[in-house]
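File shown: target-v8.tsv. Contents: TSV, C-alpha atoms.
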```tsv
chain	number	residue	atom	x	y	z
A	1	MET	CA	-5.70	9.82	7.85
A	2	ARG	CA	-2.62	11.89	7.07
A	3	GLN	CA	-1.98	13.55	3.74
A	4	VAL	CA	0.81	11.86	1.77
A	5	ALA	CA	3.41	13.33	-0.59
A	6	VAL	CA	5.84	11.96	-3.15
A	7	VAL	CA	9.15	13.56	-2.15
A	8	GLY	CA	11.62	11.70	-4.36
A	9	ILE	CA	11.56	9.99	-7.76
A	10	GLY	CA	14.09	7.87	-9.63
A	11	LYS	CA	14.14	5.73	-12.76
A	12	THR	CA	16.57	3.71	-14.79
A	13	ALA	CA	16.41	3.74	-18.54
A	14	PHE	CA	13.98	1.11	-19.86
A	15	GLY	CA	15.37	-1.24	-22.50
A	16	ALA	CA	17.28	-4.47	-23.06
A	17	PHE	CA	20.32	-4.66	-20.78
A	18	PRO	CA	22.07	-8.04	-21.04
A	19	ASP	CA	24.86	-6.85	-18.73
A	20	ARG	CA	22.50	-5.80	-15.90
A	21	ASP	CA	20.80	-7.97	-13.30
A	22	LEU	CA	17.50	-7.35	-11.54
A	23	ARG	CA	19.03	-6.12	-8.29
A	24	SER	CA	21.37	-3.62	-9.92
A	25	LEU	CA	18.42	-2.04	-11.75
A	26	ALA	CA	16.30	-1.83	-8.60
A	27	VAL	CA	19.18	-0.44	-6.55
A	28	GLU	CA	19.92	2.25	-9.16
A	29	ALA	CA	16.32	3.46	-9.20
A	30	GLY	CA	16.08	3.42	-5.40
A	31	GLN	CA	19.30	5.34	-4.94
A	32	LYS	CA	18.15	7.96	-7.47
A	33	ALA	CA	14.87	8.43	-5.59
A	34	LEU	CA	16.70	8.88	-2.28
A	35	GLU	CA	19.18	11.32	-3.80
A	36	ASN	CA	16.30	13.23	-5.40
A	37	ALA	CA	14.77	13.60	-1.93
A	38	ARG	CA	18.05	14.42	-0.18
A	39	ALA	CA	17.40	11.37	2.00
A	40	THR	CA	19.51	8.44	3.19
A	41	THR	CA	18.80	4.73	3.55
A	42	SER	CA	18.94	5.08	7.33
A	43	GLN	CA	15.82	7.25	7.22
A	44	VAL	CA	13.72	4.68	5.32
A	45	GLU	CA	11.32	2.86	7.66
A	46	ALA	CA	9.87	0.31	5.22
A	47	PHE	CA	10.63	-0.99	1.74
A	48	TYR	CA	7.87	-2.11	-0.66
A	49	LEU	CA	8.84	-3.84	-3.90
A	50	GLY	CA	6.59	-4.33	-6.93
A	51	ASN	CA	7.66	-7.31	-9.05
A	52	PHE	CA	5.57	-9.67	-11.14
A	53	ALA	CA	7.74	-12.65	-12.03
A	54	GLY	CA	11.32	-12.33	-10.85
A	55	PRO	CA	11.40	-16.02	-9.84
A	56	SER	CA	10.38	-17.04	-13.38
A	57	PHE	CA	12.40	-14.45	-15.30
A	58	VAL	CA	15.68	-14.62	-13.36
A	59	GLY	CA	15.28	-17.49	-10.89
A	60	GLN	CA	15.46	-15.33	-7.75
A	61	ASN	CA	12.89	-15.61	-4.95
A	62	HIS	CA	12.68	-13.59	-1.69
A	63	LEU	CA	13.20	-10.46	-3.73
A	64	ALA	CA	12.29	-7.63	-1.35
A	65	PRO	CA	15.00	-8.22	1.28
A	66	TYR	CA	17.38	-9.20	-1.55
A	67	VAL	CA	16.97	-5.76	-3.14
A	68	ALA	CA	16.79	-3.90	0.17
A	69	ALA	CA	20.06	-5.44	1.36
A	70	GLY	CA	21.63	-4.46	-1.95
A	71	MET	CA	20.87	-0.85	-1.00
A	72	GLY	CA	22.25	-1.30	2.48
A	73	MET	CA	18.83	-1.44	4.11
A	74	THR	CA	18.31	-4.14	6.73
A	75	GLY	CA	16.31	-4.27	9.93
A	76	ILE	CA	13.16	-2.86	8.34
A	77	PRO	CA	10.08	-4.51	6.80
A	78	ALA	CA	10.83	-5.44	3.18
A	79	THR	CA	7.83	-6.81	1.30
A	80	ARG	CA	7.19	-7.82	-2.31
A	81	PHE	CA	3.81	-7.15	-3.99
A	82	GLU	CA	2.58	-9.12	-7.01
A	83	ALA	CA	-0.43	-8.01	-9.04
A	84	ALA	CA	0.63	-8.85	-12.60
A	85	CYS	CA	1.36	-5.65	-14.55
A	86	ALA	CA	-0.02	-3.63	-11.63
A	87	SER	CA	2.51	-5.02	-9.14
A	88	SER	CA	4.26	-1.75	-8.31
A	89	GLY	CA	1.00	0.18	-8.56
A	90	ALA	CA	-0.27	-2.10	-5.80
A	91	ALA	CA	2.94	-1.61	-3.82
A	92	PHE	CA	2.47	2.16	-4.09
A	93	PHE	CA	-1.20	1.92	-3.02
A	94	HIS	CA	-0.32	-0.02	0.13
A	95	ALA	CA	2.64	2.25	0.91
A	96	VAL	CA	0.44	5.34	0.68
A	97	SER	CA	-2.12	3.61	2.91
A	98	ALA	CA	0.56	2.82	5.50
A	99	VAL	CA	1.91	6.38	5.62
A	100	ALA	CA	-1.60	7.84	5.68
A	101	ALA	CA	-2.46	5.57	8.61
A	102	GLY	CA	0.63	6.66	10.53
A	103	LEU	CA	2.38	3.28	10.53
A	104	TYR	CA	5.51	4.73	8.92
A	105	ASP	CA	6.77	8.14	7.85
A	106	LEU	CA	9.20	7.27	5.05
A	107	ILE	CA	8.63	4.36	2.67
A	108	LEU	CA	10.69	3.60	-0.41
A	109	VAL	CA	8.58	1.99	-3.14
A	110	THR	CA	10.43	0.36	-6.02
A	111	GLY	CA	9.20	-1.51	-9.09
A	112	VAL	CA	11.50	-3.71	-11.14
A	113	GLU	CA	11.46	-6.39	-13.83
A	114	LYS	CA	14.23	-8.11	-15.76
A	115	MET	CA	12.47	-9.69	-18.75
A	116	THR	CA	15.00	-9.93	-21.58
A	117	SER	CA	16.94	-12.76	-19.94
A	118	GLN	CA	14.30	-15.09	-21.44
A	119	SER	CA	13.30	-15.73	-25.06
A	120	THR	CA	10.18	-14.06	-26.44
A	121	PRO	CA	8.15	-17.33	-26.41
A	122	LYS	CA	9.18	-17.93	-22.78
A	123	VAL	CA	8.30	-14.34	-21.80
A	124	THR	CA	4.89	-14.79	-23.43
A	125	GLU	CA	4.39	-18.00	-21.46
A	126	ILE	CA	5.38	-16.36	-18.16
A	127	LEU	CA	3.10	-13.37	-18.78
A	128	ALA	CA	0.21	-15.70	-19.64
A	129	GLY	CA	0.35	-16.89	-16.04
A	130	ALA	CA	-1.38	-13.63	-15.08
A	131	GLY	CA	-4.45	-14.90	-16.95
A	132	ASP	CA	-6.79	-17.79	-16.21
A	133	VAL	CA	-4.38	-20.72	-16.39
A	134	CYS	CA	-7.04	-23.42	-16.05
A	135	GLY	CA	-9.20	-21.93	-18.78
A	136	GLU	CA	-7.74	-19.33	-21.15
A	137	VAL	CA	-4.12	-20.49	-21.01
A	138	ARG	CA	-5.06	-24.14	-21.22
A	139	ALA	CA	-6.93	-23.28	-24.42
A	140	GLY	CA	-3.80	-21.63	-25.82
A	141	ALA	CA	-4.65	-17.97	-25.20
A	142	THR	CA	-1.86	-15.44	-24.63
A	143	PHE	CA	-2.31	-11.76	-23.74
A	144	PRO	CA	-1.97	-10.61	-27.37
A	145	ALA	CA	-4.81	-13.01	-28.20
A	146	LEU	CA	-6.95	-11.81	-25.28
A	147	PHE	CA	-6.51	-8.13	-26.13
A	148	ALA	CA	-7.14	-8.93	-29.79
A	149	MET	CA	-10.53	-10.28	-28.71
A	150	ILE	CA	-11.14	-7.10	-26.72
A	151	ALA	CA	-10.18	-5.03	-29.77
A	152	ARG	CA	-12.37	-7.00	-32.15
A	153	ARG	CA	-15.38	-6.71	-29.82
A	154	HIS	CA	-14.78	-2.97	-29.36
A	155	MET	CA	-14.68	-2.60	-33.14
A	156	TYR	CA	-17.94	-4.51	-33.44
A	157	GLN	CA	-19.80	-2.61	-30.72
A	158	TYR	CA	-18.53	0.92	-31.30
A	159	GLY	CA	-17.12	1.08	-34.82
A	160	THR	CA	-13.53	1.43	-33.61
A	161	THR	CA	-11.09	1.04	-36.49
A	162	ARG	CA	-7.51	-0.09	-36.94
A	163	GLU	CA	-6.71	3.56	-37.75
A	164	HIS	CA	-7.93	4.54	-34.29
A	165	MET	CA	-5.61	2.02	-32.64
A	166	ALA	CA	-2.73	2.96	-34.94
A	167	ALA	CA	-3.21	6.60	-33.87
A	168	VAL	CA	-2.40	5.55	-30.30
A	169	ALA	CA	0.85	3.94	-31.46
A	170	VAL	CA	1.87	6.89	-33.64
A	171	LYS	CA	1.21	9.39	-30.86
A	172	ASN	CA	3.02	7.40	-28.17
A	173	HIS	CA	6.05	6.80	-30.39
A	174	GLN	CA	6.23	10.54	-31.08
A	175	ASN	CA	6.25	11.17	-27.33
A	176	GLY	CA	8.70	8.37	-26.56
A	177	ALA	CA	11.15	9.66	-29.15
A	178	LYS	CA	11.53	12.73	-26.89
A	179	ASN	CA	12.01	10.68	-23.72
A	180	PRO	CA	15.72	10.01	-23.01
A	181	LEU	CA	14.83	6.99	-20.82
A	182	ALA	CA	12.46	5.31	-23.30
A	183	HIS	CA	13.15	1.84	-24.68
A	184	MET	CA	12.16	2.63	-28.27
A	185	ARG	CA	12.86	6.24	-29.25
A	186	LYS	CA	11.48	5.81	-32.75
A	187	VAL	CA	8.91	7.90	-34.61
A	188	ILE	CA	6.52	5.87	-36.76
A	189	THR	CA	3.95	6.82	-39.39
A	190	MET	CA	0.33	5.81	-39.63
A	191	GLU	CA	1.21	3.68	-42.65
A	192	GLN	CA	3.91	1.84	-40.69
A	193	ALA	CA	1.56	1.23	-37.77
A	194	LEU	CA	-1.12	-0.20	-40.05
A	195	SER	CA	1.26	-2.40	-42.05
A	196	GLY	CA	3.23	-3.81	-39.13
A	197	LYS	CA	3.87	-7.52	-38.69
A	198	PRO	CA	0.63	-9.27	-37.63
A	199	ILE	CA	0.70	-10.55	-34.05
A	200	SER	CA	-2.93	-11.46	-33.29
A	201	GLU	CA	-5.53	-10.04	-35.65
A	202	PRO	CA	-6.33	-7.14	-35.60
A	203	LEU	CA	-3.19	-6.30	-33.60
A	204	THR	CA	0.17	-5.78	-35.27
A	205	VAL	CA	3.59	-5.47	-33.69
A	206	TYR	CA	2.97	-1.71	-33.38
A	207	ASP	CA	-0.12	-2.36	-31.24
A	208	CYS	CA	1.87	-4.30	-28.62
A	209	SER	CA	4.08	-3.06	-25.79
A	210	LEU	CA	7.73	-3.97	-25.48
A	211	ILE	CA	9.61	-6.64	-23.55
A	212	SER	CA	11.83	-4.52	-21.33
A	213	ASP	CA	14.20	-4.40	-18.39
A	214	GLY	CA	14.04	-1.50	-15.96
A	215	ALA	CA	13.19	-0.10	-12.56
A	216	ALA	CA	11.52	2.93	-11.00
A	217	ALA	CA	11.27	4.16	-7.41
A	218	VAL	CA	9.55	6.80	-5.30
A	219	LEU	CA	10.03	7.95	-1.74
A	220	ILE	CA	6.84	8.94	0.06
A	221	ALA	CA	6.32	10.79	3.33
A	222	PRO	CA	3.61	12.59	5.30
A	223	PHE	CA	2.88	15.90	3.56
A	224	GLU	CA	3.66	17.76	6.79
A	225	ARG	CA	7.29	16.56	6.51
A	226	ALA	CA	7.65	16.99	2.74
A	227	SER	CA	9.63	20.25	2.99
A	228	GLU	CA	12.44	18.33	4.73
A	229	PHE	CA	13.13	16.47	1.49
A	230	THR	CA	12.09	18.57	-1.50
A	231	ASP	CA	11.07	22.00	-2.69
A	232	LYS	CA	8.62	20.35	-5.10
A	233	PRO	CA	6.45	17.92	-3.14
A	234	ILE	CA	3.70	16.12	-5.07
A	235	ARG	CA	0.50	15.57	-3.13
A	236	VAL	CA	-1.31	12.21	-3.37
A	237	LEU	CA	-4.87	13.47	-3.65
A	238	GLY	CA	-6.67	10.22	-4.37
A	239	ILE	CA	-5.78	6.56	-4.80
A	240	SER	CA	-7.69	3.30	-5.11
A	241	GLN	CA	-7.01	-0.33	-5.97
A	242	THR	CA	-9.85	-2.63	-7.02
A	243	SER	CA	-10.20	-6.03	-8.66
A	244	ASP	CA	-12.38	-7.98	-11.09
A	245	HIS	CA	-12.59	-11.42	-12.69
A	246	VAL	CA	-9.35	-12.71	-14.22
A	247	ALA	CA	-10.92	-14.56	-17.18
A	248	LEU	CA	-12.52	-12.65	-20.05
A	249	ASP	CA	-15.45	-15.06	-20.29
A	250	GLU	CA	-16.47	-14.19	-16.72
A	251	LYS	CA	-16.82	-10.48	-17.50
A	252	ALA	CA	-20.20	-9.03	-18.47
A	253	ASP	CA	-18.63	-6.83	-21.17
A	254	ILE	CA	-15.06	-7.26	-22.40
A	255	THR	CA	-15.00	-3.78	-23.96
A	256	THR	CA	-14.75	-2.22	-20.51
A	257	PHE	CA	-12.53	-2.83	-17.49
A	258	ARG	CA	-14.85	-2.66	-14.50
A	259	ALA	CA	-11.90	-2.53	-12.10
A	260	VAL	CA	-10.68	0.64	-13.82
A	261	GLN	CA	-14.11	2.21	-13.51
A	262	THR	CA	-14.47	1.39	-9.81
A	263	SER	CA	-10.92	2.39	-8.86
A	264	ALA	CA	-11.31	5.64	-10.80
A	265	GLU	CA	-14.64	6.41	-9.11
A	266	LYS	CA	-13.09	5.91	-5.65
A	267	ALA	CA	-9.95	7.92	-6.49
A	268	TYR	CA	-12.02	10.81	-7.89
A	269	LYS	CA	-14.18	10.82	-4.76
A	270	MET	CA	-11.14	10.81	-2.46
A	271	ALA	CA	-9.52	13.65	-4.41
A	272	GLY	CA	-12.75	15.63	-4.68
A	273	VAL	CA	-12.40	15.99	-8.45
A	274	LYS	CA	-14.22	14.94	-11.62
A	275	PRO	CA	-12.81	13.29	-14.76
A	276	THR	CA	-13.05	16.65	-16.53
A	277	ASP	CA	-10.70	18.17	-13.97
A	278	ILE	CA	-7.82	15.84	-14.88
A	279	GLN	CA	-5.36	17.74	-17.06
A	280	PHE	CA	-3.12	14.89	-18.23
A	281	ALA	CA	-2.69	11.18	-17.60
A	282	GLU	CA	-0.39	8.19	-17.85
A	283	VAL	CA	-2.51	5.14	-18.70
A	284	HIS	CA	-1.75	1.46	-19.16
A	285	ASP	CA	-1.35	0.95	-22.92
A	286	CYS	CA	-0.04	-2.61	-22.85
A	287	PHE	CA	-1.85	-2.77	-26.20
A	288	THR	CA	-3.20	0.19	-28.15
A	289	ILE	CA	-6.79	-0.91	-27.54
A	290	ALA	CA	-6.08	-0.78	-23.80
A	291	GLU	CA	-5.41	2.97	-23.99
A	292	ILE	CA	-8.66	3.53	-25.87
A	293	VAL	CA	-10.62	1.51	-23.31
A	294	ALA	CA	-8.81	3.26	-20.44
A	295	ILE	CA	-9.68	6.83	-21.45
A	296	GLU	CA	-13.29	5.72	-21.80
A	297	ASP	CA	-13.42	3.91	-18.46
A	298	LEU	CA	-11.71	6.83	-16.72
A	299	GLY	CA	-14.52	9.08	-17.95
A	300	PHE	CA	-12.38	11.27	-20.21
A	301	VAL	CA	-14.68	10.49	-23.14
A	302	LYS	CA	-17.94	8.59	-23.57
A	303	LYS	CA	-17.87	4.87	-24.30
A	304	GLY	CA	-16.97	4.23	-27.92
A	305	GLU	CA	-15.42	7.68	-28.46
A	306	GLY	CA	-11.87	6.82	-27.38
A	307	GLY	CA	-10.69	5.94	-30.87
A	308	PRO	CA	-12.05	9.00	-32.69
A	309	TYR	CA	-10.88	11.28	-29.85
A	310	THR	CA	-7.35	9.92	-30.19
A	311	LEU	CA	-7.31	10.16	-33.98
A	312	ALA	CA	-8.49	13.79	-33.73
A	313	GLY	CA	-5.49	14.66	-31.54
A	314	GLY	CA	-7.27	14.99	-28.20
A	315	THR	CA	-4.60	12.99	-26.36
A	316	CYS	CA	-1.51	14.54	-27.97
A	317	ILE	CA	0.88	16.66	-25.91
A	318	GLN	CA	-0.75	19.79	-27.33
A	319	GLY	CA	-4.24	18.26	-27.20
A	320	GLU	CA	-7.15	18.83	-24.86
A	321	ARG	CA	-5.99	16.10	-22.45
A	322	PRO	CA	-2.48	14.71	-23.07
A	323	VAL	CA	-2.18	10.97	-22.44
A	324	ASN	CA	1.09	9.06	-22.12
A	325	THR	CA	3.47	11.95	-22.69
A	326	SER	CA	6.20	9.54	-21.53
A	327	GLY	CA	5.62	7.40	-24.62
A	328	GLY	CA	3.53	4.96	-22.64
A	329	LEU	CA	4.26	1.27	-22.38
A	330	LYS	CA	4.19	1.21	-26.19
A	331	SER	CA	7.35	3.29	-26.62
A	332	LYS	CA	8.76	3.96	-23.14
A	333	GLY	CA	8.79	0.22	-22.48
A	334	HIS	CA	7.00	-2.19	-20.17
A	335	PRO	CA	9.25	-3.85	-17.58
A	336	VAL	CA	6.11	-5.22	-15.98
A	337	GLY	CA	6.92	-4.83	-12.29
A	338	ALA	CA	8.30	-1.31	-12.81
A	339	THR	CA	5.41	0.12	-14.82
A	340	GLY	CA	3.13	1.33	-12.01
A	341	VAL	CA	5.77	3.26	-10.10
A	342	GLY	CA	7.23	4.42	-13.41
A	343	GLN	CA	3.89	6.08	-14.18
A	344	ILE	CA	3.96	7.85	-10.80
A	345	CYS	CA	7.44	9.17	-11.63
A	346	ASP	CA	6.24	10.38	-15.03
A	347	VAL	CA	3.22	12.22	-13.59
A	348	ALA	CA	5.35	13.75	-10.83
A	349	GLN	CA	7.89	14.91	-13.41
A	350	GLN	CA	5.17	16.72	-15.35
A	351	ILE	CA	3.78	18.39	-12.22
A	352	ARG	CA	7.28	19.53	-11.29
A	353	GLY	CA	7.71	21.01	-14.77
A	354	GLU	CA	10.71	18.77	-15.50
A	355	ALA	CA	9.50	16.91	-18.60
A	356	GLY	CA	11.55	18.87	-21.14
A	357	GLU	CA	10.23	18.64	-24.70
A	358	ARG	CA	7.28	16.61	-23.44
A	359	GLN	CA	6.15	19.18	-20.87
A	360	VAL	CA	2.42	19.94	-20.87
A	361	LYS	CA	1.14	23.45	-20.21
A	362	ARG	CA	-1.63	22.47	-17.78
A	363	ASN	CA	0.25	20.37	-15.27
A	364	SER	CA	-1.17	20.84	-11.77
A	365	LEU	CA	-3.43	17.74	-11.71
A	366	GLY	CA	-2.47	14.38	-13.23
A	367	LEU	CA	-3.65	10.77	-13.10
A	368	ALA	CA	-1.92	7.39	-13.37
A	369	GLN	CA	-3.83	4.21	-14.26
A	370	ASN	CA	-2.07	0.86	-13.83
A	371	LEU	CA	-3.75	-2.34	-15.07
A	372	GLY	CA	-3.06	-5.94	-14.10
A	373	GLY	CA	-3.77	-8.79	-16.51
A	374	SER	CA	-6.81	-8.29	-18.73
A	375	GLY	CA	-8.43	-6.03	-16.17
A	376	ALA	CA	-8.36	-8.12	-12.98
A	377	THR	CA	-6.45	-5.45	-11.03
A	378	SER	CA	-6.53	-1.68	-11.38
A	379	VAL	CA	-4.79	1.05	-9.44
A	380	VAL	CA	-5.75	4.66	-10.14
A	381	THR	CA	-3.77	7.47	-8.53
A	382	ILE	CA	-4.45	11.22	-8.70
A	383	LEU	CA	-1.51	13.50	-8.00
A	384	GLY	CA	-1.47	17.26	-7.63
A	385	ALA	CA	0.88	20.15	-7.13
A	386	ALA	CA	1.39	21.26	-3.53
```

What's the structure tokens form of this structure?
Amino acid sequence: MRQVAVVGIGKTAFGAFPDRDLRSLAVEAGQKALENARATTSQVEAFYLGNFAGPSFVGQNHLAPYVAAGMGMTGIPATRFEAACASSGAAFFHAVSAVAAGLYDLILVTGVEKMTSQSTPKVTEILAGAGDVCGEVRAGATFPALFAMIARRHMYQYGTTREHMAAVAVKNHQNGAKNPLAHMRKVITMEQALSGKPISEPLTVYDCSLISDGAAAVLIAPFERASEFTDKPIRVLGISQTSDHVALDEKADITTFRAVQTSAEKAYKMAGVKPTDIQFAEVHDCFTIAEIVAIEDLGFVKKGEGGPYTLAGGTCIQGERPVNTSGGLKSKGHPVGATGVGQICDVAQQIRGEAGERQVKRNSLGLAQNLGGSGATSVVTILGAA
């Protein structure tokens, strides 16, 4: 297996863009990644697209060649990957696998979603399709309701409080306010987070991620060729994708995401590192409780200590292990299909030392954790400085 490097990164702003279509967003991100790598479309040997629900959100099927052709790329494999909120994380995993195996040298991986073309109730309905349609959805459950159950059980088992979850929101909004590409660049107080509009008890509007449009892209290559494209290659040290049951009632314990644990274990083993070695991370905070569960399942803290650790400042930019310096899905935005690759861009930016006001001091080893549904898919990636 060959070593793989991220040699180019590109993102659009995340937000609500009524004048933009899905393809224009994906093309912008892809072109930025190629320009960042001093590469051209003629050098790309395969195109992998992460997208959850383009057919439902915008009515367009056959999305991978549709986007690739928009960039002027034809005659190469163009494939779409769907894994709910982990769609582009999955696309990245399979792209890395293909380059490592020697099938291709240069693959452009893009994630995109155009969500704001639908009403909020319709978006909620479309997203619910990533759950158990025959069971949970038929009973009326949406993802806010499912994660509210996870939160309530975590509170019961470990004493997690609403203040602990609000601390995630406050911290991520502080970070997102410094991110020029974030959807909601707004600082909030603990009082605001606690008194927000109720969505699904105990979650308020400040516990829930945003409905966003946006795209992100990365160009990957064998590490031995990385110097042809960049002076700051980012090495893919470890990566794993695993799965679990879709429905909550089929899980042994809903306060943990087993897929996150298993994908993290495999990624750590591949990279030859331990959880304590990870200096910073971008994790999937679709809801504030999801960040708390994630840092526990990734082994950053013991089970039940995620809330207190966050409230004490352990995950702040100046903390022991910064988490979601981008603002996370909570503030940066969550254009579902773009989130996984967006996290890779954010980690790479930190390792390159290009994060501006959000730059962390210890930045040579970072992790990205991308979750699909209520834990049915997980992709964990460990990136390091060359």

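Minimum atom-to-atom distance to A:Ile211, evaluated using all atoms listed in the file, belongs to A:Gly15 out of A:Gly342, A:Gly15, A:Pro77, A:Gly50.
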
(request) Between A:Leu329, A:Ile351, A:Ile150, A:Val205, single out the one closest to A:Thr255, counting all atoms listed in the file. (result) A:Ile150

(request) Do a neighbour search on A:Lys178 at 8 Å with only C-alpha atoms, toss out local chain neighbours closer than 6 positions, and write the hits as an NGL selection string. (result) :A and (185 or 357-358)

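Residues with any atom within 10 Å of A:Thr256, counting all atoms listed in the file and excluding same-chain neighbours fewer than 4 positions away, are Ile150, His154, Lys251, Ala252, Val260, Gln261, Ala290, Ile292, Val293, Ala294, Glu296, Asp297, Lys303 and Gly375 of chain A.
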
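With only C-alpha atoms as the atoms that count, the residue of A:Leu108, A:Leu367, A:Ser212, A:Glu250 with the shortest distance to A:Thr276 is A:Leu367.
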
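Within the 12 Å cut-off around A:Ala312, using all atoms listed in the file and omitting residues fewer than 3 positions from it on the same chain, the listed residues are Glu163, His164, Ala167, Val168, Lys171, Glu305, Gly306, Gly307, Pro308, Tyr309, Thr315, Cys316, Gln318, Gly319, Glu320 and Arg321 of chain A.
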
Output the selection as an mmCIF file, in the frame of the given file - C-alpha atoms for each residue.
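Output file out.cif is given in full below:
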```cif
data_model
loop_
_atom_site.group_PDB
_atom_site.id
_atom_site.type_symbol
_atom_site.label_atom_id
_atom_site.label_comp_id
_atom_site.auth_asym_id
_atom_site.auth_seq_id
_atom_site.Cartn_x
_atom_site.Cartn_y
_atom_site.Cartn_z
ATOM 1 C CA GLU A 163 -6.710 3.560 -37.750
ATOM 2 C CA HIS A 164 -7.930 4.540 -34.290
ATOM 3 C CA ALA A 167 -3.210 6.600 -33.870
ATOM 4 C CA VAL A 168 -2.400 5.550 -30.300
ATOM 5 C CA LYS A 171 1.210 9.390 -30.860
ATOM 6 C CA GLU A 305 -15.420 7.680 -28.460
ATOM 7 C CA GLY A 306 -11.870 6.820 -27.380
ATOM 8 C CA GLY A 307 -10.690 5.940 -30.870
ATOM 9 C CA PRO A 308 -12.050 9.000 -32.690
ATOM 10 C CA TYR A 309 -10.880 11.280 -29.850
ATOM 11 C CA THR A 315 -4.600 12.990 -26.360
ATOM 12 C CA CYS A 316 -1.510 14.540 -27.970
ATOM 13 C CA GLN A 318 -0.750 19.790 -27.330
ATOM 14 C CA GLY A 319 -4.240 18.260 -27.200
ATOM 15 C CA GLU A 320 -7.150 18.830 -24.860
ATOM 16 C CA ARG A 321 -5.990 16.100 -22.450
#
```

Place a sphere of radius 8 Å on (18.7, 1.9, -10.7) in the file coordinates and name every protein, DNA or RNA residue with an atom inside or on its surface, counting all atoms listed in the file; give the answer as a compact mmCIF listing (two decimals) with C-alpha atoms, in the coordinates of the input.
```txt
# COMPACT_ATOMS: atom_id res chain seq x y z
CA GLY A 10 14.09 7.87 -9.63
CA LYS A 11 14.14 5.73 -12.76
CA THR A 12 16.57 3.71 -14.79
CA SER A 24 21.37 -3.62 -9.92
CA LEU A 25 18.42 -2.04 -11.75
CA ALA A 26 16.30 -1.83 -8.60
CA VAL A 27 19.18 -0.44 -6.55
CA GLU A 28 19.92 2.25 -9.16
CA ALA A 29 16.32 3.46 -9.20
CA GLY A 30 16.08 3.42 -5.40
CA GLN A 31 19.30 5.34 -4.94
CA LYS A 32 18.15 7.96 -7.47
CA GLY A 214 14.04 -1.50 -15.96
CA ALA A 215 13.19 -0.10 -12.56
CA ALA A 216 11.52 2.93 -11.00
```

(message) Applying 9 Å and all atoms listed in the file, which residues near A:Gly8 remain after dropping the ones on its own chain fewer than 6 positions away? List them as a list in words.
(response) Lys32, Ala33, Leu34, Glu35, Asn36, Ala37, Arg38, Ala39, Ala217, Val218, Leu219, Ile220, Phe229, Thr230, Pro233 and Cys345 of chain A

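Atom CA of A:Arg80 is found 29.9 Å from atom CA of A:Glu354.
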
(message) Please list as a ChimeraX atom specification every residue within 10 Å of A:Asp231, counting all atoms listed in the file and excluding residues in the same chain fewer than 3 positions away.
(response) /A:7,37,226-228,234,352,386

(request) Place a sphere of radius 9 Å on (15.2, -9.7, 4.2) in the file coordinates and name every protein, DNA or RNA residue with an atom inside or on its surface, counting only C-alpha atoms; give the answer as a PyMOL selection string. (result) chain A and resi 62-69+74-79

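One distance worth recording is that between atom CA of A:Ala271 and atom CA of A:Thr377, which is 20.4 Å.
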
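Distances here use all atoms listed in the file; by that measure, the residue among A:Tyr158, A:Met115, A:Asp19, A:Ser56 closest to A:Lys302 is A:Tyr158.
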
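Of the residues under consideration (A:Leu127, A:Ala101, A:Ala166, A:Met1), A:Leu127 shows the shortest atom-to-atom contact distance to A:Val336 when counting only C-alpha atoms.
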
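Separating atom CA of A:Leu194 from atom CA of A:Ala169 is a distance of 9.7 Å.
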
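Counting all atoms listed in the file, the residue from A:Ala83, A:Gly373, A:Pro222, A:His173 that sits nearest to A:Ser97 is A:Pro222.
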
Between stretch 107-130 of chain A and stretch 139-145 of chain A, at 12 Å or less, what are the per-residue closest atom pairs and their distances in Å? Count all atoms listed in the file, order by chain and rising residue number, and return it as a tab-separated table.
```
residue	atom	partner	partner_atom	distance
A:Pro121	CA	A:Thr142	CA	10.3
A:Lys122	CA	A:Thr142	CA	11.5
A:Val123	CA	A:Thr142	CA	10.6
A:Thr124	CA	A:Thr142	CA	6.9
A:Glu125	CA	A:Thr142	CA	7.5
A:Ile126	CA	A:Thr142	CA	9.8
A:Leu127	CA	A:Phe143	CA	7.5
A:Ala128	CA	A:Thr142	CA	5.4
A:Gly129	CA	A:Thr142	CA	9.0
A:Ala130	CA	A:Phe143	CA	8.9
```
